[in-house]
file input07.cif (mmCIF, C-alpha atoms)
data_structure
#
loop_
_atom_site.label_atom_id
_atom_site.label_comp_id
_atom_site.auth_asym_id
_atom_site.auth_seq_id
_atom_site.Cartn_x
_atom_site.Cartn_y
_atom_site.Cartn_z
CA MET A 1055 -12.11 -33.23 -9.68
CA ALA A 1056 -13.95 -30.73 -7.49
CA PRO A 1057 -12.61 -30.36 -3.98
CA PRO A 1058 -14.37 -32.80 -1.71
CA THR A 1059 -16.49 -30.94 0.79
CA GLY A 1060 -19.76 -32.76 1.10
CA THR A 1061 -20.26 -35.36 3.79
CA THR A 1062 -20.61 -38.16 1.25
CA ASP A 1063 -17.31 -37.20 -0.39
CA LEU A 1064 -15.60 -37.10 2.98
CA VAL A 1065 -17.00 -40.49 3.93
CA VAL A 1066 -15.52 -41.93 0.74
CA LEU A 1067 -12.19 -40.25 1.51
CA MET A 1068 -12.25 -41.55 5.08
CA ARG A 1069 -12.75 -45.06 3.79
CA ARG A 1070 -9.74 -44.68 1.53
CA VAL A 1071 -7.70 -43.19 4.35
CA ALA A 1072 -8.64 -46.16 6.50
CA ALA A 1073 -7.09 -48.30 3.76
CA GLU A 1074 -3.95 -46.15 4.17
CA ASP A 1075 -4.41 -44.35 0.88
CA ARG A 1076 -2.03 -41.43 1.10
CA GLU A 1077 -3.52 -39.48 -1.76
CA ALA A 1078 -6.92 -39.61 -0.11
CA PHE A 1079 -5.29 -38.44 3.11
CA GLN A 1080 -3.88 -35.40 1.36
CA MET A 1081 -7.28 -34.63 -0.18
CA LEU A 1082 -8.90 -35.01 3.20
CA PHE A 1083 -6.33 -32.61 4.66
CA ARG A 1084 -6.95 -30.04 1.94
CA ALA A 1085 -10.69 -30.24 2.43
CA THR A 1086 -10.70 -30.01 6.21
CA SER A 1087 -7.49 -28.48 7.59
CA ALA A 1088 -8.62 -24.82 7.57
CA LYS A 1089 -11.62 -25.71 9.64
CA LEU A 1090 -9.60 -27.78 12.10
CA TYR A 1091 -6.86 -25.17 12.27
CA GLY A 1092 -9.42 -22.49 13.07
CA ILE A 1093 -10.93 -24.56 15.87
CA VAL A 1094 -7.53 -25.36 17.35
CA PHE A 1095 -6.12 -21.85 16.98
CA ARG A 1096 -9.07 -20.24 18.74
CA ILE A 1097 -8.35 -22.44 21.75
CA LEU A 1098 -4.55 -22.23 21.80
CA ARG A 1099 -4.03 -18.71 20.44
CA ARG A 1100 -0.45 -19.53 19.54
CA LYS A 1101 0.67 -20.44 16.06
CA ASP A 1102 3.42 -22.81 17.17
CA LEU A 1103 1.06 -24.76 19.41
CA ALA A 1104 -1.70 -24.78 16.81
CA ASP A 1105 0.75 -26.13 14.21
CA GLU A 1106 1.80 -28.87 16.56
CA ILE A 1107 -1.69 -29.86 17.66
CA VAL A 1108 -3.14 -29.87 14.15
CA GLN A 1109 -0.30 -32.16 13.07
CA GLU A 1110 -1.05 -34.37 16.04
CA ALA A 1111 -4.73 -34.40 15.10
CA TYR A 1112 -4.07 -35.54 11.54
CA LEU A 1113 -1.67 -38.22 12.71
CA ARG A 1114 -4.45 -39.48 14.93
CA ILE A 1115 -7.01 -39.22 12.13
CA TRP A 1116 -4.73 -41.27 9.88
CA ARG A 1117 -4.25 -43.93 12.51
CA ARG A 1118 -7.84 -44.11 13.63
CA ALA A 1119 -9.59 -43.69 10.29
CA GLU A 1120 -10.63 -47.32 10.30
CA SER A 1121 -12.57 -46.79 13.52
CA PHE A 1122 -14.65 -43.99 12.00
CA ASP A 1123 -18.29 -45.00 11.85
CA PRO A 1124 -20.35 -43.10 9.25
CA GLY A 1125 -23.48 -44.14 11.12
CA SER A 1126 -22.54 -42.11 14.17
CA GLY A 1127 -21.89 -38.73 12.59
CA SER A 1128 -20.14 -36.86 9.81
CA PRO A 1129 -16.41 -37.22 9.18
CA ILE A 1130 -15.83 -33.52 9.69
CA THR A 1131 -17.41 -33.60 13.14
CA TRP A 1132 -15.43 -36.70 14.05
CA MET A 1133 -12.21 -35.00 12.94
CA ALA A 1134 -13.04 -31.69 14.57
CA VAL A 1135 -13.76 -33.41 17.88
CA ILE A 1136 -10.36 -35.14 17.74
CA ALA A 1137 -8.59 -31.84 17.05
CA ARG A 1138 -10.56 -29.91 19.63
CA ASN A 1139 -9.92 -32.50 22.35
CA LEU A 1140 -6.19 -32.42 21.65
CA ALA A 1141 -6.23 -28.62 21.79
CA LEU A 1142 -8.10 -28.66 25.10
CA ASP A 1143 -5.67 -31.21 26.53
CA GLU A 1144 -2.82 -28.99 25.44
CA VAL A 1145 -4.24 -25.73 26.75
CA ARG A 1146 -4.95 -27.35 30.13
CA ARG A 1147 -1.58 -29.04 30.26
CA ALA A 1148 0.26 -25.81 29.65
CA GLN A 1149 -0.72 -24.64 33.07
CA PRO A 1150 -0.90 -22.77 35.19
CA VAL A 1151 -2.49 -20.45 32.71
CA SER A 1152 -3.61 -17.28 34.32
CA ILE A 1153 -5.76 -14.69 32.71
CA GLU A 1154 -2.66 -12.49 32.73
CA GLU A 1155 -0.95 -14.92 30.39
CA ARG A 1156 -3.87 -14.91 28.02
CA PRO A 1157 -5.00 -11.28 28.24
CA GLU A 1158 -6.58 -11.50 24.82
CA LEU A 1159 -9.26 -13.69 26.36
CA MET A 1160 -10.57 -10.68 28.25
CA ASP A 1161 -11.51 -9.15 24.94
CA VAL A 1162 -13.09 -12.16 23.31
CA PRO A 1163 -16.50 -11.03 22.18
CA ASP A 1164 -19.67 -12.89 22.84
CA GLU A 1165 -19.89 -15.02 19.75
CA PHE A 1166 -23.44 -16.08 20.11
CA VAL A 1167 -24.99 -16.31 16.71
CA HIS A 1168 -28.70 -15.95 16.70
CA PRO A 1169 -30.65 -18.59 14.75
CA LEU A 1170 -31.67 -16.01 12.19
CA ASP A 1171 -28.04 -15.18 11.45
CA ALA A 1172 -26.94 -18.76 11.30
CA ARG A 1173 -25.13 -19.67 8.15
CA GLU A 1174 -26.22 -23.22 8.61
CA LYS A 1175 -29.89 -23.82 9.01
CA SER A 1176 -29.88 -27.48 9.88
CA GLU A 1177 -32.36 -28.79 12.38
CA THR A 1178 -29.59 -29.70 14.81
CA TRP A 1179 -28.18 -26.22 14.62
CA ALA A 1180 -31.58 -24.59 15.07
CA ARG A 1181 -32.33 -26.77 18.05
CA LEU A 1182 -29.04 -26.01 19.78
CA MET A 1183 -29.45 -22.29 19.12
CA ALA A 1184 -32.98 -22.32 20.50
CA CYS A 1185 -31.77 -24.10 23.63
CA LEU A 1186 -28.79 -21.74 24.07
CA ASP A 1187 -31.18 -18.86 23.60
CA GLY A 1188 -33.04 -20.08 26.64
CA ILE A 1189 -30.00 -19.65 28.91
CA GLU A 1190 -29.36 -16.38 30.67
CA PRO A 1191 -27.02 -14.28 28.46
CA ASP A 1192 -24.04 -14.22 30.87
CA ARG A 1193 -24.12 -17.95 31.36
CA ARG A 1194 -24.63 -18.59 27.69
CA GLU A 1195 -21.55 -16.54 26.98
CA MET A 1196 -19.58 -18.64 29.48
CA VAL A 1197 -20.62 -21.81 27.69
CA LEU A 1198 -19.61 -20.40 24.32
CA LEU A 1199 -16.32 -18.98 25.57
CA ALA A 1200 -15.47 -22.35 27.05
CA TYR A 1201 -16.47 -24.20 23.92
CA HIS A 1202 -14.88 -21.92 21.34
CA HIS A 1203 -11.88 -20.55 23.21
CA GLY A 1204 -11.12 -23.27 25.69
CA MET A 1205 -11.49 -20.90 28.62
CA SER A 1206 -10.98 -22.61 31.95
CA ARG A 1207 -13.13 -22.09 35.04
CA GLU A 1208 -10.38 -19.83 36.40
CA GLU A 1209 -10.30 -17.73 33.26
CA LEU A 1210 -14.07 -17.46 33.26
CA ALA A 1211 -13.95 -16.50 36.94
CA ALA A 1212 -11.53 -13.68 36.15
CA LYS A 1213 -13.52 -12.50 33.18
CA PHE A 1214 -16.87 -12.56 34.94
CA GLY A 1215 -15.60 -11.46 38.34
CA ALA A 1216 -17.05 -14.47 40.14
CA PRO A 1217 -15.47 -17.16 42.33
CA VAL A 1218 -14.36 -20.35 40.57
CA ALA A 1219 -16.85 -22.42 42.55
CA THR A 1220 -19.67 -20.20 41.37
CA ILE A 1221 -18.54 -20.54 37.76
CA LYS A 1222 -18.55 -24.28 38.18
CA THR A 1223 -22.06 -24.25 39.55
CA TRP A 1224 -23.29 -21.98 36.76
CA LEU A 1225 -21.68 -24.14 34.10
CA ARG A 1226 -23.31 -27.24 35.51
CA ARG A 1227 -26.69 -25.58 35.72
CA SER A 1228 -26.38 -24.37 32.15
CA LEU A 1229 -25.49 -27.87 31.03
CA MET A 1230 -28.45 -29.37 32.84
CA GLN A 1231 -30.70 -26.72 31.34
CA LEU A 1232 -29.35 -27.59 27.91
CA ARG A 1233 -29.83 -31.26 28.57
CA ALA A 1234 -33.46 -30.72 29.49
CA CYS A 1235 -33.99 -28.61 26.38
CA LEU A 1236 -32.01 -30.77 23.94
CA GLY A 1237 -33.34 -34.08 25.15
CA ASP A 1238 -31.46 -37.34 25.57
CA GLU A 1239 -31.12 -38.31 21.95
CA ARG A 1240 -27.92 -37.77 20.08
CA ALA A 1241 -28.18 -35.04 17.54
CA MET B 684 -28.88 -34.80 41.50
CA ASN B 685 -28.78 -38.54 40.85
CA GLU B 686 -25.81 -40.50 39.60
CA LEU B 687 -26.79 -40.41 35.95
CA ASP B 688 -27.26 -36.64 36.07
CA ASP B 689 -23.85 -36.41 37.64
CA ILE B 690 -22.24 -38.45 34.88
CA ASP B 691 -24.03 -36.35 32.29
CA ALA B 692 -22.87 -33.09 33.89
CA LEU B 693 -19.31 -34.37 34.07
CA ALA B 694 -19.48 -35.46 30.44
CA GLY B 695 -20.87 -32.04 29.56
CA GLU B 696 -18.03 -30.25 31.31
CA TYR B 697 -15.54 -32.53 29.60
CA VAL B 698 -16.95 -31.67 26.19
CA LEU B 699 -17.25 -28.00 27.09
CA GLY B 700 -13.57 -28.11 28.02
CA THR B 701 -13.72 -26.58 31.48
CA LEU B 702 -12.22 -29.49 33.40
CA ASP B 703 -8.59 -29.14 34.48
CA ALA B 704 -5.79 -31.32 33.11
CA ALA B 705 -6.05 -34.00 35.80
CA GLU B 706 -9.84 -34.19 35.52
CA ARG B 707 -9.62 -34.43 31.73
CA ALA B 708 -7.11 -37.25 31.95
CA ALA B 709 -9.26 -39.07 34.51
CA ILE B 710 -12.36 -38.79 32.31
CA ALA B 711 -10.46 -39.91 29.22
CA ALA B 712 -9.39 -43.02 31.13
CA ARG B 713 -12.79 -43.66 32.72
CA ARG B 714 -14.75 -43.45 29.48
CA ARG B 715 -12.90 -46.50 28.20
CA ARG B 716 -14.36 -48.67 30.91
CA GLU B 717 -17.63 -46.83 31.58
CA PRO B 718 -19.97 -47.13 28.60
CA ALA B 719 -22.53 -44.79 30.20
CA LEU B 720 -19.95 -42.03 30.50
CA ASP B 721 -18.69 -42.65 26.99
CA ARG B 722 -22.23 -42.45 25.62
CA ALA B 723 -22.87 -39.23 27.53
CA ILE B 724 -19.68 -37.69 26.09
CA LEU B 725 -20.59 -38.74 22.54
CA ARG B 726 -24.06 -37.29 22.98
CA TRP B 727 -22.75 -33.91 24.16
CA GLU B 728 -20.15 -33.88 21.37
CA SER B 729 -22.86 -34.53 18.84
CA GLN B 730 -25.26 -31.98 20.31
CA PHE B 731 -22.61 -29.25 20.53
CA ALA B 732 -21.20 -30.08 17.09
CA PRO B 733 -23.16 -27.33 15.26
CA LEU B 734 -21.00 -24.80 17.15
CA LEU B 735 -17.97 -26.17 15.33
CA ASP B 736 -19.28 -24.40 12.25
CA ALA B 737 -19.52 -21.04 13.97
CA GLY B 738 -15.86 -20.03 13.75
CA GLU B 739 -13.98 -18.83 10.72
CA PRO B 740 -11.68 -21.34 9.03
CA ILE B 741 -7.99 -20.43 9.21
CA ALA B 742 -5.60 -21.69 6.56
CA PRO B 743 -2.78 -23.70 8.13
CA PRO B 744 0.85 -23.00 7.17
CA ALA B 745 1.63 -24.17 3.64
CA ASP B 746 4.12 -26.79 4.80
CA LEU B 747 1.93 -28.37 7.46
CA PHE B 748 0.92 -31.38 5.42
CA ALA B 749 4.54 -32.08 4.51
CA ARG B 750 5.39 -31.97 8.20
CA ILE B 751 2.61 -34.45 8.95
CA GLU B 752 3.85 -36.75 6.20
CA THR B 753 7.35 -36.61 7.59
CA ARG B 754 6.08 -37.61 11.00
CA LEU B 755 4.15 -40.47 9.47
CA GLY B 756 7.28 -41.64 7.71
CA LEU B 757 5.35 -41.61 4.47
CA PRO B 758 7.40 -39.98 1.72
CA GLU B 759 7.58 -43.19 -0.25
CA ARG B 760 4.38 -43.32 -2.24
CA GLU B 761 4.26 -47.02 -2.91
CA ARG B 762 4.26 -48.27 0.61
CA PRO B 763 2.20 -45.97 2.70
CA GLY B 764 1.18 -48.33 5.47
CA ASN B 765 4.20 -50.40 6.19
CA VAL B 766 6.38 -47.99 8.06
CA VAL B 767 3.42 -46.83 10.08
CA GLU B 768 2.62 -50.44 10.86
CA LEU B 769 6.22 -50.96 11.90
CA ARG B 770 6.07 -47.95 14.15
CA ARG B 771 2.90 -49.29 15.73
CA LYS B 772 4.53 -52.64 16.32
CA LEU B 773 7.69 -51.05 17.55
CA SER B 774 5.83 -48.96 20.03
CA LEU B 775 3.94 -52.01 21.19
CA TRP B 776 7.13 -53.94 21.49
CA ARG B 777 8.83 -51.12 23.31
CA SER B 778 6.10 -50.97 25.90
CA VAL B 779 6.30 -54.72 26.39
CA ALA B 780 10.04 -54.55 26.71
CA ALA B 781 9.83 -51.52 29.00
CA ALA B 782 12.43 -49.90 26.83
CA SER B 783 10.51 -46.82 25.82
CA THR B 784 13.37 -44.44 26.11
CA ALA B 785 14.24 -41.46 24.05
CA LEU B 786 16.87 -43.49 22.28
CA ALA B 787 14.45 -46.24 21.45
CA ALA B 788 12.08 -43.63 20.09
CA SER B 789 14.82 -42.16 17.97
CA LEU B 790 15.61 -45.65 16.76
CA ALA B 791 12.05 -46.06 15.62
CA PHE B 792 12.51 -42.92 13.61
CA PHE B 793 15.84 -44.15 12.35
CA ILE B 794 14.25 -47.37 11.18
CA ALA B 795 11.47 -45.50 9.46
CA TRP B 796 14.05 -43.31 7.80
CA GLN B 797 16.11 -46.28 6.77
CA GLY B 798 12.99 -47.89 5.37
CA ILE B 799 12.45 -44.94 3.11
CA HIS B 800 15.90 -45.11 1.63
CA ALA B 801 16.43 -48.86 1.45
CA PRO B 802 15.43 -50.80 -1.62
CA ALA B 803 12.22 -52.68 -1.06
CA PRO B 804 12.87 -56.37 -0.47
CA GLU B 805 9.97 -58.67 0.14
CA THR B 806 10.28 -59.13 3.84
CA ARG B 807 12.42 -57.85 6.63
CA LEU B 808 12.34 -58.44 10.32
CA VAL B 809 13.66 -56.00 12.81
CA ALA B 810 14.39 -55.75 16.51
CA VAL B 811 15.67 -52.90 18.58
CA LEU B 812 17.54 -54.21 21.57
CA GLN B 813 18.07 -51.80 24.39
CA LYS B 814 17.57 -52.26 28.11
CA ASP B 815 17.42 -48.66 29.17
CA SER B 816 18.62 -45.29 28.02
CA ALA B 817 22.02 -45.81 29.66
CA SER B 818 22.68 -49.13 27.89
CA PRO B 819 24.10 -49.74 24.46
CA ALA B 820 21.47 -50.18 21.78
CA PHE B 821 21.46 -52.56 18.83
CA LEU B 822 19.43 -52.54 15.69
CA VAL B 823 18.93 -56.03 14.31
CA THR B 824 17.52 -56.53 10.84
CA VAL B 825 16.90 -59.79 9.04
CA ASP B 826 16.32 -59.96 5.35
CA LEU B 827 14.35 -63.15 4.92
CA PRO B 828 14.71 -63.82 1.17
CA THR B 829 18.50 -63.77 1.38
CA ARG B 830 18.50 -64.81 5.03
CA THR B 831 20.96 -62.09 5.84
CA LEU B 832 21.18 -60.64 9.28
CA THR B 833 22.68 -57.31 10.17
CA VAL B 834 23.40 -55.92 13.60
CA LYS B 835 24.22 -52.32 14.07
CA PRO B 836 25.51 -51.38 17.48
CA LEU B 837 24.34 -47.83 17.81
CA THR B 838 26.35 -46.84 20.83
CA SER B 839 29.42 -48.03 22.68
CA PRO B 840 31.44 -51.16 21.83
CA ALA B 841 32.06 -53.88 24.42
CA ALA B 842 34.91 -53.65 26.91
CA PRO B 843 38.32 -54.65 25.38
CA ASP B 844 38.31 -58.13 26.91
CA LYS B 845 34.66 -58.84 26.09
CA SER B 846 32.53 -59.43 23.02
CA TYR B 847 28.85 -59.09 22.34
CA GLU B 848 27.41 -62.30 20.93
CA LEU B 849 24.12 -62.56 19.09
CA TRP B 850 21.77 -65.50 19.58
CA LEU B 851 18.70 -66.81 17.84
CA ILE B 852 16.12 -68.06 20.29
CA ASN B 853 13.30 -70.37 19.34
CA ALA B 854 11.83 -73.09 21.52
CA LYS B 855 11.84 -75.46 18.56
CA LEU B 856 15.60 -75.13 18.28
CA GLY B 857 16.34 -76.00 21.89
CA ASP B 858 19.27 -73.98 23.21
CA PRO B 859 19.92 -70.53 21.80
CA ARG B 860 21.90 -70.73 18.56
CA SER B 861 24.85 -68.44 18.13
CA LEU B 862 24.63 -66.13 15.17
CA GLY B 863 28.09 -64.75 15.69
CA VAL B 864 30.08 -62.14 17.51
CA ILE B 865 29.25 -58.51 16.99
CA SER B 866 32.69 -57.10 16.36
CA ALA B 867 34.32 -54.04 14.88
CA PRO B 868 33.54 -52.27 12.62
CA LEU B 869 30.32 -52.57 14.58
CA THR B 870 28.39 -54.20 11.81
CA VAL B 871 28.20 -57.90 11.27
CA SER B 872 26.28 -59.89 8.72
CA GLN B 873 25.59 -63.52 9.21
CA ARG B 874 24.01 -65.97 6.83
CA LEU B 875 21.06 -67.75 8.33
CA HIS B 876 20.90 -70.49 5.77
CA GLY B 877 20.67 -73.21 8.38
CA TYR B 878 17.21 -71.97 9.33
CA ASP B 879 14.04 -71.79 7.30
CA PRO B 880 12.33 -68.39 7.04
CA ALA B 881 9.31 -69.46 9.12
CA THR B 882 11.60 -70.43 12.00
CA ILE B 883 13.48 -67.16 11.79
CA GLU B 884 10.27 -65.20 11.68
CA ALA B 885 9.01 -66.86 14.84
CA SER B 886 12.24 -66.30 16.74
CA ALA B 887 13.58 -63.83 19.20
CA VAL B 888 17.12 -62.56 19.30
CA ALA B 889 19.32 -61.96 22.30
CA ILE B 890 22.69 -60.47 22.97
CA SER B 891 24.96 -61.79 25.68
CA LEU B 892 28.24 -60.49 26.98
CA GLU B 893 30.87 -63.15 26.34
CA PRO B 894 34.64 -63.45 26.66
CA LYS B 895 36.62 -61.86 23.84
CA GLY B 896 35.90 -63.73 20.60
CA GLY B 897 32.63 -65.24 21.72
CA SER B 898 31.34 -68.03 23.90
CA PRO B 899 33.98 -70.78 24.28
CA THR B 900 31.31 -73.47 24.59
CA GLY B 901 28.86 -72.54 21.86
CA LYS B 902 26.24 -71.87 24.52
CA VAL B 903 25.40 -68.66 26.31
CA THR B 904 27.90 -68.25 29.16
CA GLY B 905 27.74 -64.58 29.94
CA PRO B 906 24.85 -62.45 31.10
CA VAL B 907 22.08 -61.92 28.56
CA LEU B 908 21.99 -58.18 28.07
CA TYR B 909 19.01 -57.91 25.82
CA SER B 910 16.45 -60.01 24.09
CA GLY B 911 13.50 -59.16 21.96
CA PRO B 912 11.21 -60.63 19.32
CA LEU B 913 11.87 -60.04 15.67
CA ILE B 914 9.00 -58.09 14.27
CA SER B 915 7.86 -57.88 10.70
CA ALA B 916 9.10 -54.81 8.92
CA PRO B 917 8.38 -55.19 5.24
CA PHE B 918 10.10 -52.03 4.11
#

call {"tool": "encode", "arguments": {"input": "input07.cif", "output": "structure tokens"}}
result
Amino acid sequence: MAPPTGTTDLVVLMRRVAAEDREAFQMLFRATSAKLYGIVFRILRRKDLADEIVQEAYLRIWRRAESFDPGSGSPITWMAVIARNLALDEVRRAQPVSIEERPELMDVPDEFVHPLDAREKSETWARLMACLDGIEPDRREMVLLAYHHGMSREELAAKFGAPVATIKTWLRRSLMQLRACLGDERA
Amino acid sequence: MNELDDIDALAGEYVLGTLDAAERAAIAARRRREPALDRAILRWESQFAPLLDAGEPIAPPADLFARIETRLGLPERERPGNVVELRRKLSLWRSVAAASTALAASLAFFIAWQGIHAPAPETRLVAVLQKDSASPAFLVTVDLPTRTLTVKPLTSPAAPDKSYELWLINAKLGDPRSLGVISAPLTVSQRLHGYDPATIEASAVAISLEPKGGSPTGKVTGPVLYSGPLISAPF
């Protein structure tokens, strides 16, 4: 059997996992764990923490599989959101985190991927990219650093040499700008 | 900025990840009772989701799935859900009994572990009796088909002049029924043939501190140290 990667395959696996099918759970893990590990590791930047949080994420996925609703999104997004939220909770909990403790964050490059370079050309992706493209580069980078690397307001303040309150205001303005551009519908 | 904008901005910051620990916890709690906030969070999650594809995948350590399985208590292929279900019930029961101590947690693990290694009878009931982390703990298991009950004191024995006595409590039975004295070597088995399985299943168990050898009257005379419902543990 080919490794399950498509959304339909994952939906089938999720249904089996919801029925506490352990084999399906292992297949789901094989198909998705590298993606989830990547997301979590980029936020936590520590192997021990990433190991722990990814375990936690799959325990939660196992327990909550029955609440997954295929009508409200793809399984991989649902799983990634669970893992990412746990990683964010962890990185915030492990405070106070100063920029000195995470010096590598100073060197995180701007990861903005222009629509033309996008490996995925879905409509949702294109729309988000177009809207991000409309934000001033510095502020766009803040949004992406927060999203991908879990940078806090304080870390962003240190990186961009601006007061925390200013960062907060900029983040909010960027979000409102995105909201206006993206519209109110769920992607 | 009106209230809805405010909720949306807050939801956006939550999804972006820039809120601090306390703010994150507050939002996670609020979204459960504020549908508008929950919807706003789901919308941002969905709209930002394409970014989840931007990063490179990283292979997790080779043993990570085995570690997850261990934590699920799943190594026995045939019965994937039962131990998990037990752990869910145990954790529910522990919160009800306000006995969520480290020891109780380790007992839950112990039970899961025991479940893996025990043969698989049709139905078992289990209770962990512990008041707090400083008190002795007891693991009570009932095997319904044979109506055999086992109590394992997991910590200290009673004082020399005292005995722990185990009781079956069920409103239909009237007064608590003695199931026997929990004596050395710290494990006692008691036939429950006087009671039908349905009655046992619907019962709670309690432990009282009685004079040496057990209650002289057949009724509870000493302080009740612990009580708890028997919960289904079909491992």

call {"tool": "resolve_selection", "arguments": {"input": "input07.cif", "expression": "the PyMOL selection byres ((chain B and resi 703) around 9)", "output": "list in words"}}
result
Asp1143, Arg1146, Arg1147, Ser1206 and Arg1207 of chain A; Gly700, Thr701, Leu702, Ala704, Ala705, Glu706, Arg707 and Ala708 of chain B

call {"tool": "closest_atom_pairs", "arguments": {"input": "input07.cif", "of": "chain B", "to": "chain A", "cutoff": "6 Å", "atoms": "only C-alpha atoms", "output": "Markdown table"}}
result
| residue | atom | partner | partner_atom | distance |
| --- | --- | --- | --- | --- |
| B:Leu699 | CA | A:Tyr1201 | CA | 5.0 |
| B:Gly700 | CA | A:Gly1204 | CA | 5.9 |
| B:Thr701 | CA | A:Ser1206 | CA | 4.8 |
| B:Asp703 | CA | A:Arg1146 | CA | 5.9 |
| B:Ala704 | CA | A:Arg1146 | CA | 5.0 |
| B:Arg726 | CA | A:Arg1240 | CA | 4.9 |
| B:Ser729 | CA | A:Ala1241 | CA | 5.5 |
| B:Gln730 | CA | A:Ala1241 | CA | 5.1 |
| B:Pro733 | CA | A:Trp1179 | CA | 5.2 |
| B:Pro740 | CA | A:Lys1089 | CA | 4.4 |
| B:Ile741 | CA | A:Gly1092 | CA | 4.6 |
| B:Ala742 | CA | A:Ala1088 | CA | 4.5 |
| B:Pro743 | CA | A:Ala1088 | CA | 6.0 |
| B:Ile751 | CA | A:Gln1109 | CA | 5.5 |
| B:Gly764 | CA | A:Glu1074 | CA | 5.7 |

call {"tool": "atom_distance", "arguments": {"input": "input07.cif", "atom1": "CA of Pro1217 in chain A", "atom2": "CA of Arg1194 in chain A"}}
result
17.3 Å

call {"tool": "atom_distance", "arguments": {"input": "input07.cif", "atom1": "CA of Ala1184 in chain A", "atom2": "CA of Leu734 in chain B"}}
result
12.7 Å

call {"tool": "residues_around", "arguments": {"input": "input07.cif", "residues": "Ser891 in chain B", "least_positions_apart": "3", "cutoff": "10 Å", "atoms": "all atoms listed in the file", "output": "PyMOL selection string"}}
result
chain B and resi 846-850+864+894+897-898+903-910

call {"tool": "residues_around", "arguments": {"input": "input07.cif", "residues": "Val811 in chain B", "least_positions_apart": "2", "cutoff": "7 Å", "atoms": "all atoms listed in the file", "output": "list of chain:residue names"}}
result
B:Val809, B:Gln813, B:Phe821, B:Leu822, B:Val823

call {"tool": "write_last_selection", "arguments": {"input": "input07.cif", "atoms": "C-alpha atoms", "output": "PDB file, in the coordinates of the input"}}
result
ATOM      1  CA  VAL B 809      13.660 -56.000  12.810  1.00  0.00           C
ATOM      2  CA  GLN B 813      18.070 -51.800  24.390  1.00  0.00           C
ATOM      3  CA  PHE B 821      21.460 -52.560  18.830  1.00  0.00           C
ATOM      4  CA  LEU B 822      19.430 -52.540  15.690  1.00  0.00           C
ATOM      5  CA  VAL B 823      18.930 -56.030  14.310  1.00  0.00           C
TER       6      VAL B 823
END

call {"tool": "atom_distance", "arguments": {"input": "input07.cif", "atom1": "CA of Gly911 in chain B", "atom2": "CA of Ala889 in chain B"}}
result
6.5 Å

call {"tool": "resolve_selection", "arguments": {"input": "input07.cif", "expression": "the PyMOL selection byres ((chain B and resi 716-723) around 12)", "output": "MDAnalysis selection string"}}
result
(chainID A and resid 1126 1233 1237:1240) or (chainID B and resid 686:698 709:715 724:730)

call {"tool": "resolve_selection", "arguments": {"input": "input07.cif", "expression": "the PyMOL selection byres ((chain A and resi 1124) around 12)", "output": "MDAnalysis selection string"}}
result
chainID A and resid 1061:1069 1119:1123 1125:1132

call {"tool": "residues_around", "arguments": {"input": "input07.cif", "residues": "Lys845 in chain B", "least_positions_apart": "3", "cutoff": "6 Å", "atoms": "only C-alpha atoms", "output": "list in words"}}
result
Ala841, Ala842, Glu893, Pro894 and Lys895 of chain B

call {"tool": "residues_around", "arguments": {"input": "input07.cif", "residues": "range 824-829 of chain B", "least_positions_apart": "6", "cutoff": "7 Å", "atoms": "all atoms listed in the file", "output": "PyMOL selection string"}}
result
chain B and resi 806-810+880
